[in-house]
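K.L.:
Data: input-v6.tsv, TSV, C-alpha atoms.
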```
chain	number	residue	atom	x	y	z
A	1	MET	CA	-45.57	-88.27	26.05
A	2	SER	CA	-42.35	-89.61	27.44
A	3	LEU	CA	-39.83	-87.42	29.27
A	4	ARG	CA	-37.44	-87.67	26.31
A	5	GLU	CA	-40.10	-86.42	23.88
A	6	LEU	CA	-41.03	-83.54	26.27
A	7	GLY	CA	-37.38	-82.46	26.52
A	8	SER	CA	-37.03	-82.43	22.74
A	9	VAL	CA	-40.06	-80.16	22.36
A	10	LEU	CA	-38.78	-77.71	25.01
A	11	ARG	CA	-35.34	-77.52	23.36
A	12	LYS	CA	-36.92	-76.66	19.98
A	13	ARG	CA	-39.05	-73.93	21.52
A	14	GLY	CA	-36.03	-72.53	23.36
A	15	ILE	CA	-34.16	-72.24	20.05
A	16	GLN	CA	-37.13	-70.46	18.45
A	17	ILE	CA	-37.36	-67.96	21.35
A	18	ALA	CA	-33.63	-67.22	21.14
A	19	MET	CA	-33.89	-66.60	17.38
A	20	LEU	CA	-36.85	-64.29	17.91
A	21	GLY	CA	-34.85	-62.28	20.47
A	22	SER	CA	-31.99	-61.84	18.01
A	23	VAL	CA	-34.37	-60.61	15.32
A	24	VAL	CA	-35.93	-58.08	17.73
A	25	ALA	CA	-32.50	-56.83	18.82
A	26	TYR	CA	-31.36	-56.42	15.22
A	27	CYS	CA	-34.49	-54.51	14.22
A	28	SER	CA	-34.19	-52.21	17.23
A	29	GLY	CA	-30.56	-51.36	16.35
A	30	ALA	CA	-31.45	-50.63	12.74
A	31	GLY	CA	-34.29	-48.41	13.87
A	32	PHE	CA	-32.03	-46.29	16.09
A	33	ALA	CA	-29.46	-45.99	13.29
A	34	GLN	CA	-32.19	-44.82	10.93
A	35	MET	CA	-33.31	-42.21	13.46
A	36	GLY	CA	-29.71	-40.91	13.69
A	37	SER	CA	-29.51	-40.25	9.93
A	38	ASN	CA	-33.10	-39.18	9.27
A	39	GLN	CA	-34.16	-36.82	12.06
A	40	MET	CA	-37.75	-36.24	12.82
A	41	PRO	CA	-39.17	-32.69	12.63
A	42	GLY	CA	-38.51	-30.72	15.82
A	43	GLN	CA	-35.31	-32.59	16.67
A	44	MET	CA	-31.99	-30.72	16.98
A	45	PRO	CA	-28.88	-31.82	15.03
A	46	SER	CA	-26.56	-33.91	17.13
A	47	GLY	CA	-24.07	-35.42	14.71
A	48	PRO	CA	-20.36	-34.62	14.33
A	49	GLY	CA	-19.63	-31.07	13.17
A	50	GLN	CA	-23.07	-29.85	14.41
A	51	SER	CA	-23.68	-27.72	17.44
A	52	MET	CA	-26.51	-27.26	19.90
A	53	PRO	CA	-27.76	-23.77	20.78
A	54	GLY	CA	-25.25	-22.01	23.05
A	55	GLN	CA	-22.40	-24.23	21.92
A	56	SER	CA	-19.68	-23.47	19.39
A	57	MET	CA	-17.59	-25.84	17.38
A	58	PRO	CA	-14.00	-25.16	16.30
A	59	GLY	CA	-13.90	-22.64	13.42
A	60	GLN	CA	-17.33	-21.20	14.31
A	61	ASN	CA	-18.02	-17.86	15.99
A	62	VAL	CA	-20.90	-17.30	18.35
A	63	PRO	CA	-22.27	-13.78	18.82
A	64	GLY	CA	-20.49	-12.20	21.77
A	65	GLN	CA	-17.35	-14.24	21.20
A	66	SER	CA	-14.36	-13.36	19.07
A	67	GLY	CA	-12.33	-15.65	16.91
A	68	PRO	CA	-9.14	-15.18	14.90
A	69	GLY	CA	-9.24	-12.05	12.77
A	70	GLN	CA	-12.11	-10.50	14.74
A	71	ASN	CA	-12.07	-7.70	17.26
A	72	GLY	CA	-14.10	-8.59	20.28
A	73	PRO	CA	-14.26	-6.89	23.67
A	74	GLY	CA	-10.79	-6.42	25.06
A	75	GLN	CA	-9.10	-6.97	21.68
A	76	ASN	CA	-7.33	-4.30	19.65
A	77	GLY	CA	-7.59	-3.67	15.91
A	78	PRO	CA	-5.23	-0.99	14.58
A	79	THR	CA	-3.22	0.38	17.46
A	80	SER	CA	-3.78	3.91	18.67
A	81	ARG	CA	-0.33	4.77	17.30
A	82	ASP	CA	-1.29	3.54	13.82
A	83	ARG	CA	-4.58	5.38	13.92
A	84	GLY	CA	-2.81	8.56	14.99
A	85	MET	CA	-0.33	8.36	12.11
A	86	ASN	CA	-3.00	7.59	9.55
A	87	ASN	CA	-5.40	10.31	10.68
A	88	ASP	CA	-2.95	13.07	11.60
A	89	PRO	CA	-3.30	15.74	8.89
A	90	GLY	CA	0.21	17.04	9.57
A	91	ALA	CA	1.81	13.62	9.13
A	92	MET	CA	-0.21	12.97	5.98
A	93	ALA	CA	0.83	16.35	4.53
A	94	ASP	CA	4.49	15.62	5.32
A	95	ARG	CA	4.32	12.26	3.58
A	96	ALA	CA	2.67	13.80	0.52
A	97	PHE	CA	5.31	16.51	0.35
A	98	VAL	CA	8.18	14.04	0.67
A	99	TYR	CA	6.80	11.89	-2.15
A	100	ASP	CA	6.12	14.88	-4.41
A	101	ALA	CA	9.60	16.25	-3.73
A	102	ALA	CA	11.13	12.92	-4.75
A	103	GLN	CA	8.97	12.84	-7.87
A	104	GLY	CA	9.96	16.39	-8.79
A	105	GLY	CA	13.64	15.72	-8.11
A	106	MET	CA	13.56	12.72	-10.43
A	107	ALA	CA	12.08	14.86	-13.21
A	108	GLU	CA	14.63	17.65	-12.66
A	109	MET	CA	17.51	15.19	-12.96
A	110	GLN	CA	16.23	13.48	-16.12
A	111	LEU	CA	15.39	16.76	-17.81
A	112	GLY	CA	18.74	18.21	-16.72
A	113	GLN	CA	20.60	15.27	-18.21
A	114	LEU	CA	18.77	15.79	-21.48
A	115	ALA	CA	19.56	19.53	-21.47
A	116	ALA	CA	23.22	18.88	-20.71
A	117	SER	CA	23.53	16.73	-23.82
A	118	LYS	CA	21.04	18.34	-26.21
A	119	ALA	CA	20.84	22.09	-25.53
A	120	SER	CA	22.28	24.38	-28.21
A	121	SER	CA	23.58	26.95	-25.71
A	122	GLN	CA	26.52	26.10	-23.48
A	123	ALA	CA	24.91	28.11	-20.71
A	124	VAL	CA	21.81	25.93	-20.89
A	125	LYS	CA	23.98	22.81	-20.95
A	126	ASP	CA	25.76	24.03	-17.80
A	127	PHE	CA	22.44	24.76	-16.14
A	128	GLY	CA	21.24	21.26	-16.93
A	129	GLN	CA	24.36	19.79	-15.34
A	130	GLN	CA	23.83	21.96	-12.26
A	131	MET	CA	20.26	20.73	-11.94
A	132	VAL	CA	21.46	17.13	-11.96
A	133	ALA	CA	24.15	17.77	-9.35
A	134	ASP	CA	21.98	19.82	-6.99
A	135	HIS	CA	18.98	17.54	-7.10
A	136	THR	CA	21.18	14.51	-6.54
A	137	LYS	CA	22.33	16.13	-3.28
A	138	LEU	CA	18.77	17.05	-2.33
A	139	ASN	CA	17.67	13.50	-3.05
A	140	ASP	CA	20.41	12.14	-0.78
A	141	GLN	CA	19.26	14.49	1.98
A	142	MET	CA	15.61	13.51	1.62
A	143	MET	CA	16.14	9.75	1.36
A	144	PRO	CA	16.56	9.08	5.13
A	145	ILE	CA	13.40	11.11	5.77
A	146	GLU	CA	11.49	9.07	3.19
A	147	GLN	CA	12.64	5.86	4.86
A	148	SER	CA	11.73	7.04	8.37
A	149	MET	CA	8.22	7.90	7.17
A	150	GLY	CA	7.80	4.70	5.20
A	151	VAL	CA	7.43	6.57	1.91
A	152	ALA	CA	8.35	4.43	-1.08
A	153	PRO	CA	10.31	6.51	-3.61
A	154	PRO	CA	8.76	6.86	-7.08
A	155	THR	CA	10.05	4.51	-9.76
A	156	LYS	CA	8.99	6.52	-12.80
A	157	LEU	CA	8.04	10.03	-13.80
A	158	ASN	CA	4.49	11.18	-13.34
A	159	ARG	CA	2.35	12.23	-16.30
A	160	LYS	CA	3.59	15.82	-16.19
A	161	GLY	CA	7.25	14.81	-16.19
A	162	GLN	CA	6.79	12.19	-18.89
A	163	GLY	CA	4.97	14.67	-21.10
A	164	GLU	CA	7.69	17.30	-20.82
A	165	LEU	CA	10.49	14.78	-21.35
A	166	LYS	CA	8.82	13.48	-24.51
A	167	LYS	CA	8.25	17.03	-25.79
A	168	LEU	CA	11.91	17.97	-25.29
A	169	GLN	CA	13.13	14.78	-26.92
A	170	ASN	CA	11.36	15.87	-30.10
A	171	LEU	CA	12.92	19.36	-30.10
A	172	SER	CA	16.38	20.59	-30.99
A	173	GLY	CA	18.43	23.79	-31.23
A	174	SER	CA	17.00	27.02	-29.89
A	175	ASP	CA	13.50	25.49	-29.76
A	176	PHE	CA	14.78	23.00	-27.23
A	177	ASP	CA	16.45	25.71	-25.13
A	178	LYS	CA	13.33	27.89	-25.11
A	179	GLU	CA	11.02	25.04	-24.10
A	180	TYR	CA	13.37	23.74	-21.41
A	181	LEU	CA	13.92	27.14	-19.81
A	182	GLY	CA	10.24	28.04	-19.95
A	183	PHE	CA	9.34	24.80	-18.21
A	184	MET	CA	12.08	25.28	-15.60
A	185	VAL	CA	10.89	28.79	-14.69
A	186	LYS	CA	7.31	27.61	-14.12
A	187	ASP	CA	8.39	24.47	-12.31
A	188	GLN	CA	10.88	26.22	-10.01
A	189	LYS	CA	8.31	28.85	-9.03
A	190	ASN	CA	5.89	26.12	-8.01
A	191	ASP	CA	8.60	24.20	-6.14
A	192	VAL	CA	9.70	27.28	-4.20
A	193	LYS	CA	6.15	27.76	-2.89
A	194	ASN	CA	5.84	24.12	-1.89
A	195	PHE	CA	9.19	23.91	-0.11
A	196	GLU	CA	8.62	27.23	1.65
A	197	SER	CA	5.18	26.14	2.83
A	198	GLU	CA	6.51	22.80	4.10
A	199	ALA	CA	9.41	24.42	5.96
A	200	ARG	CA	6.93	26.65	7.80
A	201	SER	CA	4.21	24.10	8.54
A	202	THR	CA	5.99	20.84	9.41
A	203	THR	CA	6.79	19.94	13.02
A	204	ASN	CA	9.42	17.40	11.93
A	205	PRO	CA	12.82	19.06	12.59
A	206	GLN	CA	14.70	16.94	10.04
A	207	LEU	CA	12.13	17.59	7.34
A	208	GLN	CA	11.97	21.28	8.21
A	209	SER	CA	15.74	21.61	7.71
A	210	ALA	CA	15.65	19.72	4.41
A	211	ALA	CA	12.73	21.78	3.11
A	212	ALA	CA	14.42	25.07	4.02
A	213	ASN	CA	17.63	23.97	2.33
A	214	GLY	CA	15.69	22.83	-0.72
A	215	GLU	CA	13.89	26.17	-0.92
A	216	ARG	CA	17.20	28.05	-0.95
A	217	ILE	CA	18.66	25.88	-3.73
A	218	ILE	CA	15.49	26.05	-5.85
A	219	GLN	CA	15.45	29.84	-5.49
A	220	GLU	CA	18.92	29.86	-7.06
A	221	HIS	CA	17.70	27.62	-9.89
A	222	LEU	CA	14.77	29.96	-10.53
A	223	MET	CA	17.02	32.99	-10.70
A	224	ILE	CA	19.34	31.32	-13.23
A	225	ALA	CA	16.47	29.99	-15.34
A	226	GLU	CA	14.82	33.42	-15.50
A	227	LYS	CA	18.06	35.10	-16.56
A	228	LEU	CA	18.72	32.46	-19.19
A	229	GLU	CA	15.19	32.82	-20.51
A	230	ASN	CA	15.68	36.60	-20.76
A	231	GLY	CA	18.87	36.20	-22.78
A	232	GLN	CA	21.38	36.71	-19.98
A	233	GLY	CA	22.62	33.16	-20.18
A	234	ALA	CA	26.39	33.61	-20.02
A	235	SER	CA	26.44	35.76	-16.91
A	236	ALA	CA	23.73	33.78	-15.14
A	237	ALA	CA	25.39	30.40	-15.61
A	238	SER	CA	28.70	31.64	-14.26
A	239	LYS	CA	27.21	32.98	-10.98
```
Show me the file's structure as structure tokens.
P.N.:
Amino acid sequence: MSLRELGSVLRKRGIQIAMLGSVVAYCSGAGFAQMGSNQMPGQMPSGPGQSMPGQSMPGQNVPGQSGPGQNGPGQNGPTSRDRGMNNDPGAMADRAFVYDAAQGGMAEMQLGQLAASKASSQAVKDFGQQMVADHTKLNDQMMPIEQSMGVAPPTKLNRKGQGELKKLQNLSGSDFDKEYLGFMVKDQKNDVKNFESEARSTTNPQLQSAAANGERIIQEHLMIAEKLENGQGASAASK
């Protein structure tokens, strides 16, 4: 074999070896890619968005750590001030009284307006007008207290008030007067007890003053309503 022929053979074999190396490299790369997508049993996830034990990815919470919206060591949930306001029986009782007083005042004004326009007796009409005027003043006095306590005022009558209003709307003449006065006597007696109790029990000076003033005014309403119910309407309404 001549030198030229030997060189030609070596060049061909060199090309074949190079091609074989490329094939091996390609197959090895494909094998590793396949291992990345199809993990063998016993292997831990290692792709994007996966975490190894003891590690945490964004948006994940590991026991012992605290993320947004969680209370971990050293973090506060509701403040001690909020918890005190929510769990203080005295504060809760004050808020309930303030709301009930606003609800009752709304009913007294609406029923008083109806009596002022529909009652058959002038004395009952005058009493209805007085109820509207007095409870408007009481409402103005209570409103700052409601706001300071975060009590939202009622927007409509409760079931009791709605029922009485509807009943009176269907009555006329002396039947209306009798029903209205009977309801007022019962209602004012209940209100006197509630306002008196609140004035004695609350530790809020502003609320205590408003409750005591409300008790005095409601006592006057009760006295007039009782006299009107007993047939002493003319003299009672003028006092």
K.L.:
Of the candidates A:Val98, A:Ala210, A:Met143, A:Ile224, which one gets nearest to A:Gln130 if we count only C-alpha atoms?
P.N.:
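For A:Gln130, the nearest of the given residues is A:Ile224.
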K.L.:
Tell me which of A:Met106, A:Leu228, A:Ala211, A:Met223 sits closest to A:Val124, counting only C-alpha atoms.
P.N.:
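Comparing A:Met106, A:Leu228, A:Ala211, A:Met223 against A:Val124, the winner is A:Leu228.
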K.L.:
Suppose you want the space between atom CA of A:Leu222 and atom CA of A:Lys189; what is it in Å?
P.N.:
6.7 Å
K.L.:
Which is closest to A:Ala107 among A:Lys156, A:Lys125, A:Arg95, A:Arg200, if we use all atoms listed in the file?
P.N.:
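Comparing A:Lys156, A:Lys125, A:Arg95, A:Arg200 against A:Ala107, the winner is A:Lys156.
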K.L.:
Could you check which of A:Met142, A:Ala123, A:Leu207, A:Val192 is closest to A:Ala91, using all atoms listed in the file?
P.N.:
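Selected residue with least distance to A:Ala91: A:Leu207.
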K.L.:
Quote the spacing between atom CA of A:Tyr99 and atom CA of A:Pro205 in Å to one decimal place.
P.N.:
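Between these atoms lies a distance of 17.5 Å.
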K.L.:
Using all atoms listed in the file, find all polymer residues with an atom at most 12 Å away from the point (9.1, 22.1, -25.5); report them as a list in words.
P.N.:
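Residues with an atom close enough to that point: Leu111, Ala115, Ala119, Gly161, Gly163, Glu164, Leu165, Lys166, Lys167, Leu168, Gln169, Asn170, Leu171, Ser172, Gly173, Ser174, Asp175, Phe176, Asp177, Lys178, Glu179, Tyr180, Leu181, Gly182, Phe183 and Met184 of chain A.
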K.L.:
What does the distance from atom CA of A:Ala102 to atom CA of A:Asp126 come to in Å, to one decimal?
P.N.:
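So the answer is 22.5 Å.
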K.L.:
Set up a box along x, y and z of the file covering all listed atoms of stretch 171-177 of chain A, add 5 Å on every one of the six sides, and write the centre and edge lengths in Å to one decimal, as AutoDock Vina command-line options.
P.N.:
```
--center_x 15.7 --center_y 23.2 --center_z -28.2 --size_x 15.5 --size_y 17.7 --size_z 16.1
```
K.L.:
With a distance cut-off of 12 Å and all atoms listed in the file, select the neighbouring residues of A:Ser209, excluding the residue or stretch itself and same-chain residues fewer than 4 positions from it, and output the selection as number ranges by chain.
P.N.:
A: 138, 141-142, 145, 195-196, 198-205, 213-216
K.L.:
Measuring between all atoms listed in the file, which one of A:Gln188, A:Asn139, A:Ser117, A:Gln110 shows the shortest distance to A:Gln162?
P.N.:
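Checking each of A:Gln188, A:Asn139, A:Ser117, A:Gln110 against A:Gln162, counting all atoms listed in the file, the winner is A:Gln110.
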K.L.:
Kindly write N, CA and C atoms of stretch 82-129 of chain A from the structure just given to a file, as a compact mmCIF listing (two decimals), in the first residue's frame.
P.N.:
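Output file part27.txt follows:
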```
# COMPACT_ATOMS: atom_id res chain seq x y z
N ASP A 82 -58.07 46.29 70.93
CA ASP A 82 -59.25 45.75 70.25
C ASP A 82 -59.87 44.62 71.05
N ARG A 83 -59.01 43.75 71.57
CA ARG A 83 -59.55 42.63 72.35
C ARG A 83 -60.25 43.13 73.59
N GLY A 84 -59.71 44.17 74.22
CA GLY A 84 -60.33 44.72 75.41
C GLY A 84 -61.68 45.31 75.12
N MET A 85 -61.82 46.03 74.00
CA MET A 85 -63.10 46.63 73.64
C MET A 85 -64.13 45.56 73.30
N ASN A 86 -63.68 44.51 72.60
CA ASN A 86 -64.62 43.49 72.16
C ASN A 86 -65.10 42.61 73.31
N ASN A 87 -64.23 42.41 74.30
CA ASN A 87 -64.55 41.48 75.37
C ASN A 87 -64.99 42.16 76.65
N ASP A 88 -64.96 43.47 76.72
CA ASP A 88 -65.35 44.19 77.91
C ASP A 88 -66.88 44.19 78.01
N PRO A 89 -67.44 43.53 79.01
CA PRO A 89 -68.91 43.48 79.12
C PRO A 89 -69.54 44.85 79.25
N GLY A 90 -68.86 45.76 79.97
CA GLY A 90 -69.41 47.11 80.12
C GLY A 90 -69.50 47.85 78.81
N ALA A 91 -68.44 47.77 78.00
CA ALA A 91 -68.44 48.44 76.70
C ALA A 91 -69.48 47.83 75.78
N MET A 92 -69.62 46.51 75.82
CA MET A 92 -70.62 45.85 74.97
C MET A 92 -72.03 46.25 75.39
N ALA A 93 -72.26 46.37 76.70
CA ALA A 93 -73.59 46.77 77.19
C ALA A 93 -73.89 48.21 76.78
N ASP A 94 -72.88 49.08 76.83
CA ASP A 94 -73.07 50.47 76.43
C ASP A 94 -73.45 50.56 74.95
N ARG A 95 -72.74 49.79 74.13
CA ARG A 95 -73.02 49.82 72.70
C ARG A 95 -74.43 49.32 72.41
N ALA A 96 -74.83 48.26 73.11
CA ALA A 96 -76.18 47.72 72.91
C ALA A 96 -77.24 48.74 73.33
N PHE A 97 -76.99 49.42 74.44
CA PHE A 97 -77.95 50.42 74.90
C PHE A 97 -78.07 51.57 73.90
N VAL A 98 -76.93 52.05 73.42
CA VAL A 98 -76.93 53.17 72.49
C VAL A 98 -77.71 52.82 71.22
N TYR A 99 -77.50 51.62 70.71
CA TYR A 99 -78.22 51.21 69.50
C TYR A 99 -79.71 51.08 69.77
N ASP A 100 -80.07 50.44 70.89
CA ASP A 100 -81.49 50.27 71.23
C ASP A 100 -82.17 51.61 71.46
N ALA A 101 -81.44 52.55 72.07
CA ALA A 101 -82.01 53.87 72.30
C ALA A 101 -82.29 54.58 70.97
N ALA A 102 -81.38 54.43 70.02
CA ALA A 102 -81.58 55.03 68.70
C ALA A 102 -82.75 54.37 67.98
N GLN A 103 -82.86 53.07 68.12
CA GLN A 103 -83.97 52.34 67.51
C GLN A 103 -85.30 52.77 68.12
N GLY A 104 -85.34 52.88 69.45
CA GLY A 104 -86.55 53.32 70.12
C GLY A 104 -86.91 54.75 69.78
N GLY A 105 -85.90 55.62 69.71
CA GLY A 105 -86.17 57.01 69.36
C GLY A 105 -86.75 57.16 67.96
N MET A 106 -86.26 56.34 67.03
CA MET A 106 -86.80 56.37 65.68
C MET A 106 -88.28 55.99 65.67
N ALA A 107 -88.62 54.96 66.45
CA ALA A 107 -90.02 54.52 66.52
C ALA A 107 -90.89 55.60 67.16
N GLU A 108 -90.39 56.22 68.24
CA GLU A 108 -91.18 57.26 68.91
C GLU A 108 -91.48 58.42 67.97
N MET A 109 -90.51 58.78 67.16
CA MET A 109 -90.71 59.91 66.24
C MET A 109 -91.71 59.56 65.13
N GLN A 110 -91.59 58.37 64.55
CA GLN A 110 -92.51 57.99 63.47
C GLN A 110 -93.93 57.81 63.99
N LEU A 111 -94.06 57.19 65.16
CA LEU A 111 -95.39 57.02 65.74
C LEU A 111 -95.97 58.37 66.17
N GLY A 112 -95.12 59.25 66.68
CA GLY A 112 -95.57 60.58 67.08
C GLY A 112 -96.05 61.40 65.89
N GLN A 113 -95.34 61.29 64.78
CA GLN A 113 -95.78 61.99 63.57
C GLN A 113 -97.14 61.50 63.12
N LEU A 114 -97.35 60.20 63.20
CA LEU A 114 -98.63 59.62 62.81
C LEU A 114 -99.74 60.10 63.74
N ALA A 115 -99.45 60.14 65.05
CA ALA A 115 -100.45 60.59 66.02
C ALA A 115 -100.78 62.07 65.82
N ALA A 116 -99.77 62.86 65.51
CA ALA A 116 -100.00 64.29 65.32
C ALA A 116 -100.92 64.58 64.15
N SER A 117 -100.95 63.69 63.18
CA SER A 117 -101.78 63.92 61.99
C SER A 117 -103.08 63.12 61.99
N LYS A 118 -103.13 62.03 62.79
CA LYS A 118 -104.26 61.12 62.66
C LYS A 118 -105.11 61.00 63.92
N ALA A 119 -104.61 61.39 65.07
CA ALA A 119 -105.37 61.23 66.32
C ALA A 119 -106.67 62.04 66.26
N SER A 120 -107.68 61.55 66.94
CA SER A 120 -108.97 62.27 66.96
C SER A 120 -109.00 63.34 68.05
N SER A 121 -108.21 63.16 69.10
CA SER A 121 -108.16 64.12 70.20
C SER A 121 -107.01 65.10 69.97
N GLN A 122 -107.27 66.37 70.20
CA GLN A 122 -106.22 67.38 70.06
C GLN A 122 -105.11 67.15 71.08
N ALA A 123 -105.49 66.68 72.26
CA ALA A 123 -104.49 66.40 73.29
C ALA A 123 -103.54 65.30 72.83
N VAL A 124 -104.06 64.29 72.17
CA VAL A 124 -103.21 63.21 71.67
C VAL A 124 -102.36 63.71 70.51
N LYS A 125 -102.91 64.58 69.68
CA LYS A 125 -102.12 65.18 68.60
C LYS A 125 -100.95 65.97 69.18
N ASP A 126 -101.23 66.76 70.23
CA ASP A 126 -100.18 67.56 70.86
C ASP A 126 -99.11 66.67 71.48
N PHE A 127 -99.55 65.58 72.08
CA PHE A 127 -98.60 64.64 72.67
C PHE A 127 -97.70 64.02 71.60
N GLY A 128 -98.30 63.68 70.47
CA GLY A 128 -97.51 63.15 69.37
C GLY A 128 -96.45 64.13 68.89
N GLN A 129 -96.82 65.40 68.79
CA GLN A 129 -95.87 66.43 68.38
C GLN A 129 -94.75 66.59 69.41
```
